[in-house]
>>> print(open('run.txt').read())   # compact mmCIF, C-alpha atoms
# COMPACT_ATOMS: atom_id res chain seq x y z
CA MET K 1 -4.93 -3.89 95.79
CA LEU K 2 -3.07 -5.81 93.09
CA ASN K 3 -5.24 -8.41 91.35
CA ALA K 4 -4.10 -10.91 88.73
CA ILE K 5 -5.35 -11.19 85.16
CA SER K 6 -4.62 -14.30 83.13
CA VAL K 7 -5.19 -15.60 79.62
CA ASP K 8 -5.71 -19.26 78.72
CA ILE K 9 -4.10 -19.58 75.29
CA GLU K 10 -6.03 -22.09 73.20
CA ASP K 11 -7.62 -21.89 69.77
CA TRP K 12 -11.36 -21.74 69.13
CA PHE K 13 -11.55 -25.45 68.22
CA GLN K 14 -9.74 -26.65 71.38
CA VAL K 15 -12.25 -25.55 73.99
CA GLY K 16 -13.93 -28.00 76.33
CA ALA K 17 -17.36 -27.03 75.03
CA PHE K 18 -16.54 -28.55 71.62
CA GLU K 19 -14.53 -31.60 72.71
CA THR K 20 -17.34 -34.02 71.84
CA VAL K 21 -17.85 -32.65 68.31
CA ILE K 22 -14.33 -31.60 67.18
CA ALA K 23 -11.83 -34.46 67.15
CA ARG K 24 -8.24 -33.79 68.21
CA ASP K 25 -6.92 -35.40 65.05
CA SER K 26 -8.72 -32.71 63.03
CA TRP K 27 -7.08 -29.76 64.78
CA ASP K 28 -4.32 -29.28 62.24
CA THR K 29 -6.92 -29.06 59.46
CA ARG K 30 -8.83 -26.22 61.16
CA GLU K 31 -8.31 -22.51 60.58
CA SER K 32 -5.94 -21.33 63.31
CA ARG K 33 -6.86 -17.93 64.74
CA VAL K 34 -4.97 -18.11 68.03
CA ALA K 35 -1.96 -16.01 66.98
CA ARG K 36 -4.08 -13.17 65.60
CA ASN K 37 -6.41 -13.21 68.60
CA SER K 38 -3.50 -13.32 71.04
CA GLU K 39 -1.98 -10.29 69.34
CA ALA K 40 -5.27 -8.49 70.03
CA VAL K 41 -4.92 -9.46 73.69
CA LEU K 42 -1.36 -8.14 73.77
CA ALA K 43 -2.56 -4.86 72.27
CA LEU K 44 -5.24 -4.52 74.97
CA PHE K 45 -2.68 -5.08 77.72
CA ALA K 46 -0.23 -2.63 76.14
CA GLU K 47 -2.98 -0.01 75.92
CA ALA K 48 -3.75 -0.45 79.65
CA ASP K 49 -0.06 -0.85 80.63
CA VAL K 50 -0.89 -4.19 82.30
CA ARG K 51 1.35 -7.25 82.65
CA ALA K 52 -0.49 -10.57 82.81
CA THR K 53 0.02 -14.33 83.00
CA PHE K 54 -0.49 -16.45 79.88
CA PHE K 55 -1.35 -20.12 80.51
CA ILE K 56 -0.39 -21.65 77.17
CA LEU K 57 -1.05 -25.02 75.56
CA GLY K 58 2.14 -26.78 74.48
CA TRP K 59 0.35 -27.71 71.24
CA VAL K 60 -0.08 -24.02 70.43
CA ALA K 61 3.48 -23.12 71.44
CA GLU K 62 4.91 -25.82 69.14
CA ARG K 63 3.16 -24.26 66.16
CA HIS K 64 3.56 -20.59 67.12
CA PRO K 65 6.91 -20.20 68.94
CA SER K 66 7.30 -16.60 67.75
CA LEU K 67 4.00 -15.73 69.49
CA ILE K 68 5.35 -17.13 72.76
CA ARG K 69 8.51 -15.05 72.40
CA ARG K 70 6.46 -11.90 71.79
CA ILE K 71 4.37 -12.54 74.89
CA ALA K 72 7.50 -13.01 77.00
CA GLU K 73 9.26 -10.00 75.49
CA ALA K 74 6.24 -7.83 76.36
CA GLY K 75 6.85 -8.60 80.04
CA HIS K 76 4.15 -11.18 80.62
CA GLU K 77 4.49 -14.43 82.55
CA ILE K 78 4.58 -17.69 80.58
CA ALA K 79 2.80 -20.54 82.39
CA SER K 80 1.58 -24.02 81.48
CA HIS K 81 -1.93 -25.00 80.42
CA GLY K 82 -0.94 -28.58 79.60
CA TYR K 83 -0.11 -29.90 76.14
CA ASP K 84 -3.37 -30.46 74.27
CA HIS K 85 -6.19 -29.46 76.65
CA ALA K 86 -6.77 -32.98 77.96
CA ARG K 87 -8.66 -32.74 81.23
CA VAL K 88 -6.45 -33.93 84.07
CA PHE K 89 -9.00 -36.46 85.31
CA THR K 90 -8.82 -38.23 81.92
CA LEU K 91 -5.12 -38.97 82.55
CA ASP K 92 -3.33 -41.11 85.09
CA ALA K 93 -0.40 -39.96 87.23
CA LYS K 94 2.27 -41.08 84.76
CA ARG K 95 0.61 -39.47 81.75
CA PHE K 96 0.03 -36.26 83.73
CA GLU K 97 3.73 -36.11 84.61
CA GLN K 98 4.66 -36.68 80.96
CA ASP K 99 2.22 -33.96 79.87
CA LEU K 100 3.77 -31.50 82.33
CA ASN K 101 7.34 -32.29 81.27
CA LYS K 102 6.61 -32.06 77.56
CA THR K 103 4.74 -28.78 77.86
CA ARG K 104 7.24 -27.11 80.16
CA LYS K 105 10.14 -27.86 77.81
CA ILE K 106 8.26 -26.46 74.80
CA LEU K 107 7.29 -23.27 76.66
CA GLU K 108 10.70 -22.66 78.19
CA ASP K 109 12.49 -23.26 74.89
CA ALA K 110 10.18 -20.84 73.09
CA SER K 111 10.12 -18.10 75.72
CA GLY K 112 13.44 -18.26 77.53
CA GLN K 113 11.46 -18.04 80.80
CA LYS K 114 11.32 -20.53 83.64
CA VAL K 115 7.78 -21.91 83.92
CA THR K 116 6.56 -22.08 87.53
CA GLY K 117 2.77 -21.73 87.12
CA TYR K 118 0.16 -24.24 85.95
CA ARG K 119 -3.55 -24.15 85.18
CA ALA K 120 -5.32 -27.41 84.37
CA PRO K 121 -7.41 -27.44 81.18
CA SER K 122 -11.02 -26.75 82.15
CA PHE K 123 -9.99 -26.48 85.83
CA SER K 124 -9.88 -30.27 85.90
CA ILE K 125 -8.01 -31.00 89.12
CA ASP K 126 -10.56 -32.37 91.57
CA ARG K 127 -11.30 -35.31 93.89
CA ARG K 128 -10.55 -37.73 91.05
CA THR K 129 -6.90 -36.57 90.80
CA PRO K 130 -5.31 -36.97 94.27
CA TRP K 131 -1.89 -37.38 92.60
CA ALA K 132 -1.99 -34.12 90.62
CA HIS K 133 -0.91 -31.60 93.25
CA PRO K 134 1.88 -33.85 94.63
CA ILE K 135 3.31 -34.20 91.11
CA LEU K 136 3.20 -30.43 90.59
CA ALA K 137 5.00 -30.01 93.92
CA GLU K 138 7.65 -32.60 93.01
CA GLN K 139 8.29 -30.78 89.73
CA GLY K 140 8.90 -27.50 91.53
CA TYR K 141 5.85 -25.52 90.45
CA ALA K 142 5.30 -22.46 92.64
CA TYR K 143 1.56 -22.37 92.13
CA SER K 144 -1.44 -23.94 90.44
CA SER K 145 -4.67 -22.18 89.50
CA SER K 146 -6.62 -25.31 88.63
CA VAL K 147 -9.46 -25.68 91.14
CA VAL K 148 -12.76 -23.79 91.21
CA PRO K 149 -14.74 -24.24 94.45
CA ILE K 150 -18.18 -24.45 92.82
CA ALA K 151 -20.49 -27.06 91.32
CA HIS K 152 -20.62 -26.76 87.51
CA ASP K 153 -21.46 -29.21 84.75
CA HIS K 154 -17.98 -28.87 83.20
CA TYR K 155 -15.73 -28.37 86.24
CA GLY K 156 -15.56 -27.59 89.93
CA TRP K 157 -14.50 -29.04 93.28
CA GLN K 158 -17.22 -27.87 95.60
CA GLY K 159 -16.19 -27.33 99.21
CA THR K 160 -12.55 -26.43 98.59
CA PRO K 161 -11.37 -23.01 99.84
CA ARG K 162 -12.28 -19.90 97.88
CA PHE K 163 -8.84 -18.42 98.38
CA ALA K 164 -5.26 -19.69 98.34
CA TRP K 165 -4.58 -23.05 99.97
CA ARG K 166 -1.70 -25.46 100.34
CA PRO K 167 -2.62 -28.77 98.70
CA VAL K 168 0.53 -30.71 99.69
CA ALA K 169 1.87 -30.91 103.25
CA GLY K 170 5.48 -29.81 103.55
CA SER K 171 5.48 -28.16 100.11
CA ASP K 172 5.54 -24.51 99.08
CA LEU K 173 3.07 -25.24 96.25
CA VAL K 174 0.00 -23.05 96.56
CA GLU K 175 -3.35 -23.50 94.82
CA ILE K 176 -4.78 -20.10 93.85
CA PRO K 177 -8.42 -20.41 92.71
CA VAL K 178 -10.01 -17.99 90.29
CA THR K 179 -12.37 -15.51 91.87
CA THR K 180 -15.71 -16.50 93.34
CA ALA K 181 -18.21 -14.33 95.21
CA ARG K 182 -20.64 -15.01 98.03
CA LEU K 183 -24.30 -14.09 97.73
CA ALA K 184 -27.21 -15.31 99.85
CA GLY K 185 -25.12 -18.15 101.25
CA ARG K 186 -24.02 -19.38 97.82
CA THR K 187 -20.61 -19.37 96.15
CA LEU K 188 -20.83 -17.92 92.65
CA ALA K 189 -18.32 -18.09 89.80
CA ALA K 190 -16.99 -14.60 89.15
CA GLY K 191 -13.51 -15.15 87.75
CA GLY K 192 -14.06 -14.40 84.09
CA GLY K 193 -14.63 -16.45 80.96
CA GLY K 194 -18.23 -16.93 79.91
CA PHE K 195 -19.56 -15.56 83.22
CA PHE K 196 -17.75 -12.28 82.57
CA ARG K 197 -19.12 -12.03 79.02
CA LEU K 198 -22.69 -13.04 79.78
CA LEU K 199 -23.38 -11.25 83.06
CA PRO K 200 -23.60 -7.47 83.46
CA TYR K 201 -20.28 -5.76 84.11
CA ALA K 202 -21.69 -4.50 87.42
CA PHE K 203 -21.67 -8.09 88.75
CA SER K 204 -17.95 -8.54 88.04
CA ARG K 205 -17.13 -5.15 89.57
CA TRP K 206 -19.17 -6.00 92.67
CA ALA K 207 -17.50 -9.42 93.02
CA LEU K 208 -13.97 -8.02 92.73
CA HIS K 209 -14.73 -5.27 95.21
CA GLN K 210 -16.10 -7.92 97.58
CA VAL K 211 -12.94 -10.05 97.57
CA ASN K 212 -10.69 -6.98 97.75
CA ARG K 213 -12.58 -5.70 100.79
CA GLU K 214 -12.00 -9.10 102.40
CA GLY K 215 -8.26 -8.59 101.86
CA HIS K 216 -7.82 -10.96 98.91
CA ALA K 217 -6.61 -10.49 95.37
CA GLY K 218 -9.03 -11.16 92.54
CA ILE K 219 -7.97 -13.76 89.95
CA ILE K 220 -9.48 -13.18 86.50
CA TYR K 221 -9.13 -15.25 83.33
CA PHE K 222 -10.28 -15.17 79.72
CA HIS K 223 -9.36 -16.64 76.32
CA PRO K 224 -8.15 -15.03 73.07
CA TRP K 225 -11.07 -16.49 71.11
CA GLU K 226 -13.42 -14.44 73.32
CA LEU K 227 -12.25 -11.35 71.40
CA ASP K 228 -13.13 -12.88 68.03
CA PRO K 229 -16.80 -12.58 67.02
CA ASP K 230 -15.94 -13.66 63.45
CA GLN K 231 -14.60 -17.11 64.37
CA PRO K 232 -16.11 -20.20 62.68
CA PHE K 233 -19.49 -21.36 63.95
CA VAL K 234 -19.73 -25.00 65.09
CA THR K 235 -23.25 -25.90 64.03
CA GLU K 236 -23.12 -29.46 65.40
CA ALA K 237 -22.28 -28.33 68.97
CA PRO K 238 -24.97 -28.68 71.68
CA ILE K 239 -27.15 -25.59 72.05
CA LYS K 240 -25.88 -24.89 75.58
CA SER K 241 -22.29 -24.97 74.34
CA LYS K 242 -23.11 -22.60 71.48
CA ILE K 243 -24.77 -20.13 73.83
CA ARG K 244 -21.82 -20.22 76.22
CA HIS K 245 -19.20 -19.94 73.51
CA TYR K 246 -20.62 -17.36 71.10
CA SER K 247 -22.73 -15.03 73.23
CA ARG K 248 -21.55 -11.42 73.56
CA LEU K 249 -18.13 -11.92 71.98
CA SER K 250 -18.31 -8.42 70.51
CA ALA K 251 -18.69 -6.94 74.02
CA MET K 252 -15.61 -8.62 75.50
CA ALA K 253 -12.88 -6.13 74.56
CA GLY K 254 -14.85 -3.17 75.92
CA LYS K 255 -15.60 -4.95 79.19
CA LEU K 256 -11.93 -5.86 79.63
CA ARG K 257 -10.87 -2.27 79.05
CA ARG K 258 -13.33 -1.12 81.69
CA LEU K 259 -12.14 -3.78 84.14
CA MET K 260 -8.50 -2.74 83.73
CA ARG K 261 -9.45 0.90 84.29
CA ASP K 262 -11.39 0.13 87.47
CA PHE K 263 -8.89 -2.24 89.14
CA GLU K 264 -5.13 -2.75 89.35
CA PHE K 265 -3.89 -5.93 87.67
CA GLY K 266 -0.61 -7.77 87.36
CA ARG K 267 0.93 -11.22 86.84
CA MET K 268 0.04 -14.30 88.87
CA ASP K 269 3.64 -14.82 89.95
CA ALA K 270 3.66 -11.34 91.52
CA LEU K 271 1.06 -12.60 94.01
CA VAL K 272 2.55 -15.98 94.91
CA ALA K 273 4.55 -14.95 98.00
CA GLN K 274 1.58 -13.03 99.41
CA GLU K 275 -0.87 -15.84 98.66
CA ARG K 276 1.47 -18.48 100.10
CA ALA K 277 1.82 -16.53 103.35
CA ASN K 278 -1.96 -16.37 103.73
CA ALA K 279 -2.77 -19.85 102.37
CA VAL K 280 -4.91 -22.33 104.28
CA ALA K 281 -2.94 -25.40 105.44
CA PRO K 282 -3.61 -28.79 103.76
CA ASP K 283 -5.61 -30.25 106.64
CA ALA K 284 -7.92 -27.25 106.76
CA ALA K 285 -8.32 -27.31 102.98
CA GLN K 286 -9.20 -31.00 102.93
CA ALA K 287 -11.74 -30.48 105.69
CA ALA K 288 -13.49 -27.74 103.72
>>> encode(input="run.txt", output="structure tokens")
Amino acid sequence: MLNAISVDIEDWFQVGAFETVIARDSWDTRESRVARNSEAVLALFAEADVRATFFILGWVAERHPSLIRRIAEAGHEIASHGYDHARVFTLDAKRFEQDLNKTRKILEDASGQKVTGYRAPSFSIDRRTPWAHPILAEQGYAYSSSVVPIAHDHYGWQGTPRFAWRPVAGSDLVEIPVTTARLAGRTLAAGGGGFFRLLPYAFSRWALHQVNREGHAGIIYFHPWELDPDQPFVTEAPIKSKIRHYSRLSAMAGKLRRLMRDFEFGRMDALVAQERANAVAPDAAQAA
């Protein structure tokens, strides 16, 4: 079964874990490592002959347009991750629409691709943003991958469907959540990121096999900085954030290679028609 692998392109200083200790107005003074780390990601995908989806910050694309072109020329999908990693629930409807428009133009100009996919920074579409999906639908996005149906201290919309659902009645927009697994009556995050680095590889393999056996594609994500154990250390960050961000960075490349050997992966847009056909209707999703 074809699964999807995706990369959230942001630099080490732009992550949600550091948003309270690294000010946005300091970003341009920080050492940028995103281009080098993204090249390492491209090399991994080339080695495995895998095409993926890259959800890219407009802020990064403005400063590294040649990187965006290289990603597109390698056959990967270019998708939006918003402009500067502002969580959607910190915006209002007008500012969200402006953020989408600005980012899409930057990405399309840099890549020459039409942008039809969106992932909210830190999976920040939830009950507080009832206007977000309708705006994405109005702007013609084919899919969003912005909701995680779990409870987490940084994100999550508990009770939403684990698999594709239609968030807007009468629209073709489909919400495609990253992978979760079921164990002992609980829904567990299993879609990548820190969970993939910190937990044994056997857990991720088991989770993907579980969703594939149920007839669903797995949706995996990670970040370029997760391949960079030599990145700067943010001493003032909370201890929980430091554990999440820095643990097992040196193991990430090897685990990704193993994952791409064990499963078939492709781009998110290659799954949209299939996921849309199987998606839960809006009323059923809202009742979840």
>>> atom_distance(input="run.txt", atom1="CA of Ile150 (chain K)", atom2="CA of Arg162 (chain K)")
9.0 Å
>>> closest_residue(input="run.txt", among="K:His64, K:His223, K:His81, K:Arg87", to="Asn101 (chain K)", atoms="only C-alpha atoms")
K:His81
>>> closest_atom_pairs(input="run.txt", of="region 18-55 of chain K", to="region 7-12 of chain K", cutoff="9 Å", atoms="all atoms listed in the file", output="JSON lines")
{"residue": "K:Phe18", "atom": "CA", "partner": "K:Trp12", "partner_atom": "CA", "distance": 8.9}
{"residue": "K:Ser32", "atom": "CA", "partner": "K:Asp11", "partner_atom": "CA", "distance": 6.7}
{"residue": "K:Arg33", "atom": "CA", "partner": "K:Asp11", "partner_atom": "CA", "distance": 6.4}
{"residue": "K:Val34", "atom": "CA", "partner": "K:Asp11", "partner_atom": "CA", "distance": 4.9}
{"residue": "K:Ala35", "atom": "CA", "partner": "K:Asp11", "partner_atom": "CA", "distance": 8.6}
{"residue": "K:Asn37", "atom": "CA", "partner": "K:Asp11", "partner_atom": "CA", "distance": 8.8}
{"residue": "K:Ser38", "atom": "CA", "partner": "K:Ile9", "partner_atom": "CA", "distance": 7.6}
{"residue": "K:Val41", "atom": "CA", "partner": "K:Val7", "partner_atom": "CA", "distance": 8.5}
{"residue": "K:Ala52", "atom": "CA", "partner": "K:Val7", "partner_atom": "CA", "distance": 7.6}
{"residue": "K:Thr53", "atom": "CA", "partner": "K:Val7", "partner_atom": "CA", "distance": 6.3}
{"residue": "K:Phe54", "atom": "CA", "partner": "K:Val7", "partner_atom": "CA", "distance": 4.8}
{"residue": "K:Phe55", "atom": "CA", "partner": "K:Asp8", "partner_atom": "CA", "distance": 4.8}
>>> closest_atom_pairs(input="run.txt", of="region 166-221 of chain K", to="region 112-121 of chain K", cutoff="12 Å", atoms="all atoms listed in the file", output="JSON lines")
{"residue": "K:Asp172", "atom": "CA", "partner": "K:Thr116", "partner_atom": "CA", "distance": 11.8}
{"residue": "K:Leu173", "atom": "CA", "partner": "K:Gly117", "partner_atom": "CA", "distance": 9.8}
{"residue": "K:Val174", "atom": "CA", "partner": "K:Gly117", "partner_atom": "CA", "distance": 9.9}
{"residue": "K:Glu175", "atom": "CA", "partner": "K:Tyr118", "partner_atom": "CA", "distance": 9.6}
{"residue": "K:Ile176", "atom": "CA", "partner": "K:Arg119", "partner_atom": "CA", "distance": 9.6}
{"residue": "K:Pro177", "atom": "CA", "partner": "K:Arg119", "partner_atom": "CA", "distance": 9.7}
{"residue": "K:Val178", "atom": "CA", "partner": "K:Arg119", "partner_atom": "CA", "distance": 10.3}
{"residue": "K:Tyr221", "atom": "CA", "partner": "K:Arg119", "partner_atom": "CA", "distance": 10.7}
>>> residues_near_point(input="run.txt", point="(-3.0, -31.0, 100.4)", cutoff="12 Å", atoms="all atoms listed in the file", output="PyMOL selection string")
chain K and resi 126-127+129-137+160-161+164-175+279-288
>>> closest_residue(input="run.txt", among="K:Phe263, K:Tyr246, K:Phe196, K:Trp157", to="Asp230 (chain K)", atoms="all atoms listed in the file")
K:Tyr246
>>> residues_around(input="run.txt", residues="region 248-259 of chain K", least_positions_apart="4", cutoff="10 Å", atoms="all atoms listed in the file", output="ChimeraX atom specification")
/K:40-41,44-45,47-48,192-194,196-201,204-205,208,222,225-231,243-244,263-265
>>> atom_distance(input="run.txt", atom1="CA of Pro238 (chain K)", atom2="CA of Thr187 (chain K)")
26.5 Å
>>> closest_residue(input="run.txt", among="K:Val234, K:Ile219, K:Ala202, K:Leu42", to="Asp262 (chain K)", atoms="all atoms listed in the file")
K:Ala202
>>> closest_residue(input="run.txt", among="K:Trp27, K:Trp59, K:Phe123, K:Tyr141", to="Ala79 (chain K)", atoms="all atoms listed in the file")
K:Tyr141
>>> decode(input="run.txt", residues="region 89-118 of chain K", atoms="N, CA and C atoms", output="compact mmCIF listing (two decimals), in the first residue's frame")
# COMPACT_ATOMS: atom_id res chain seq x y z
N PHE K 89 -4.49 29.20 15.55
CA PHE K 89 -5.40 29.73 16.57
C PHE K 89 -4.92 31.04 17.18
N THR K 90 -3.72 31.51 16.82
CA THR K 90 -3.27 32.84 17.25
C THR K 90 -3.66 33.92 16.23
N LEU K 91 -4.23 33.52 15.11
CA LEU K 91 -4.66 34.44 14.07
C LEU K 91 -6.18 34.59 14.10
N ASP K 92 -6.70 35.55 13.34
CA ASP K 92 -8.13 35.57 13.07
C ASP K 92 -8.33 35.20 11.61
N ALA K 93 -9.57 35.15 11.17
CA ALA K 93 -9.86 34.67 9.81
C ALA K 93 -9.16 35.51 8.75
N LYS K 94 -9.18 36.82 8.91
CA LYS K 94 -8.57 37.70 7.90
C LYS K 94 -7.06 37.50 7.83
N ARG K 95 -6.42 37.43 9.00
CA ARG K 95 -4.96 37.25 9.00
C ARG K 95 -4.58 35.87 8.49
N PHE K 96 -5.40 34.87 8.75
CA PHE K 96 -5.14 33.53 8.22
C PHE K 96 -5.20 33.55 6.69
N GLU K 97 -6.21 34.21 6.15
CA GLU K 97 -6.33 34.29 4.70
C GLU K 97 -5.14 35.02 4.09
N GLN K 98 -4.70 36.09 4.74
CA GLN K 98 -3.53 36.83 4.25
C GLN K 98 -2.27 35.97 4.31
N ASP K 99 -2.13 35.21 5.39
CA ASP K 99 -0.98 34.31 5.55
C ASP K 99 -0.95 33.27 4.43
N LEU K 100 -2.12 32.69 4.13
CA LEU K 100 -2.21 31.70 3.06
C LEU K 100 -1.82 32.30 1.71
N ASN K 101 -2.38 33.48 1.41
CA ASN K 101 -2.12 34.11 0.11
C ASN K 101 -0.65 34.46 -0.06
N LYS K 102 -0.08 35.05 0.97
CA LYS K 102 1.33 35.45 0.91
C LYS K 102 2.23 34.23 0.69
N THR K 103 1.99 33.19 1.46
CA THR K 103 2.85 32.01 1.39
C THR K 103 2.70 31.29 0.06
N ARG K 104 1.48 31.15 -0.40
CA ARG K 104 1.26 30.45 -1.68
C ARG K 104 1.99 31.15 -2.82
N LYS K 105 1.92 32.48 -2.88
CA LYS K 105 2.58 33.20 -3.95
C LYS K 105 4.10 32.99 -3.91
N ILE K 106 4.68 33.06 -2.71
CA ILE K 106 6.12 32.86 -2.57
C ILE K 106 6.51 31.47 -3.06
N LEU K 107 5.77 30.45 -2.63
CA LEU K 107 6.11 29.07 -2.97
C LEU K 107 5.92 28.80 -4.46
N GLU K 108 4.83 29.30 -5.02
CA GLU K 108 4.59 29.05 -6.43
C GLU K 108 5.59 29.79 -7.31
N ASP K 109 5.96 31.00 -6.92
CA ASP K 109 6.96 31.75 -7.68
C ASP K 109 8.31 31.04 -7.64
N ALA K 110 8.67 30.50 -6.49
CA ALA K 110 9.97 29.85 -6.35
C ALA K 110 10.04 28.50 -7.03
N SER K 111 8.92 27.76 -7.02
CA SER K 111 8.94 26.37 -7.47
C SER K 111 8.40 26.15 -8.87
N GLY K 112 7.52 27.04 -9.32
CA GLY K 112 6.84 26.80 -10.59
C GLY K 112 5.74 25.77 -10.48
N GLN K 113 5.43 25.33 -9.26
CA GLN K 113 4.35 24.36 -9.02
C GLN K 113 3.12 25.06 -8.47
N LYS K 114 1.95 24.50 -8.76
CA LYS K 114 0.73 24.95 -8.11
C LYS K 114 0.67 24.33 -6.72
N VAL K 115 0.38 25.14 -5.73
CA VAL K 115 0.32 24.67 -4.34
C VAL K 115 -1.13 24.34 -3.99
N THR K 116 -1.39 23.07 -3.67
CA THR K 116 -2.76 22.63 -3.35
C THR K 116 -2.86 21.96 -1.99
N GLY K 117 -1.73 21.85 -1.26
CA GLY K 117 -1.73 21.20 0.05
C GLY K 117 -1.31 22.17 1.14
N TYR K 118 -1.82 21.97 2.34
CA TYR K 118 -1.52 22.86 3.47
C TYR K 118 -1.40 22.03 4.74
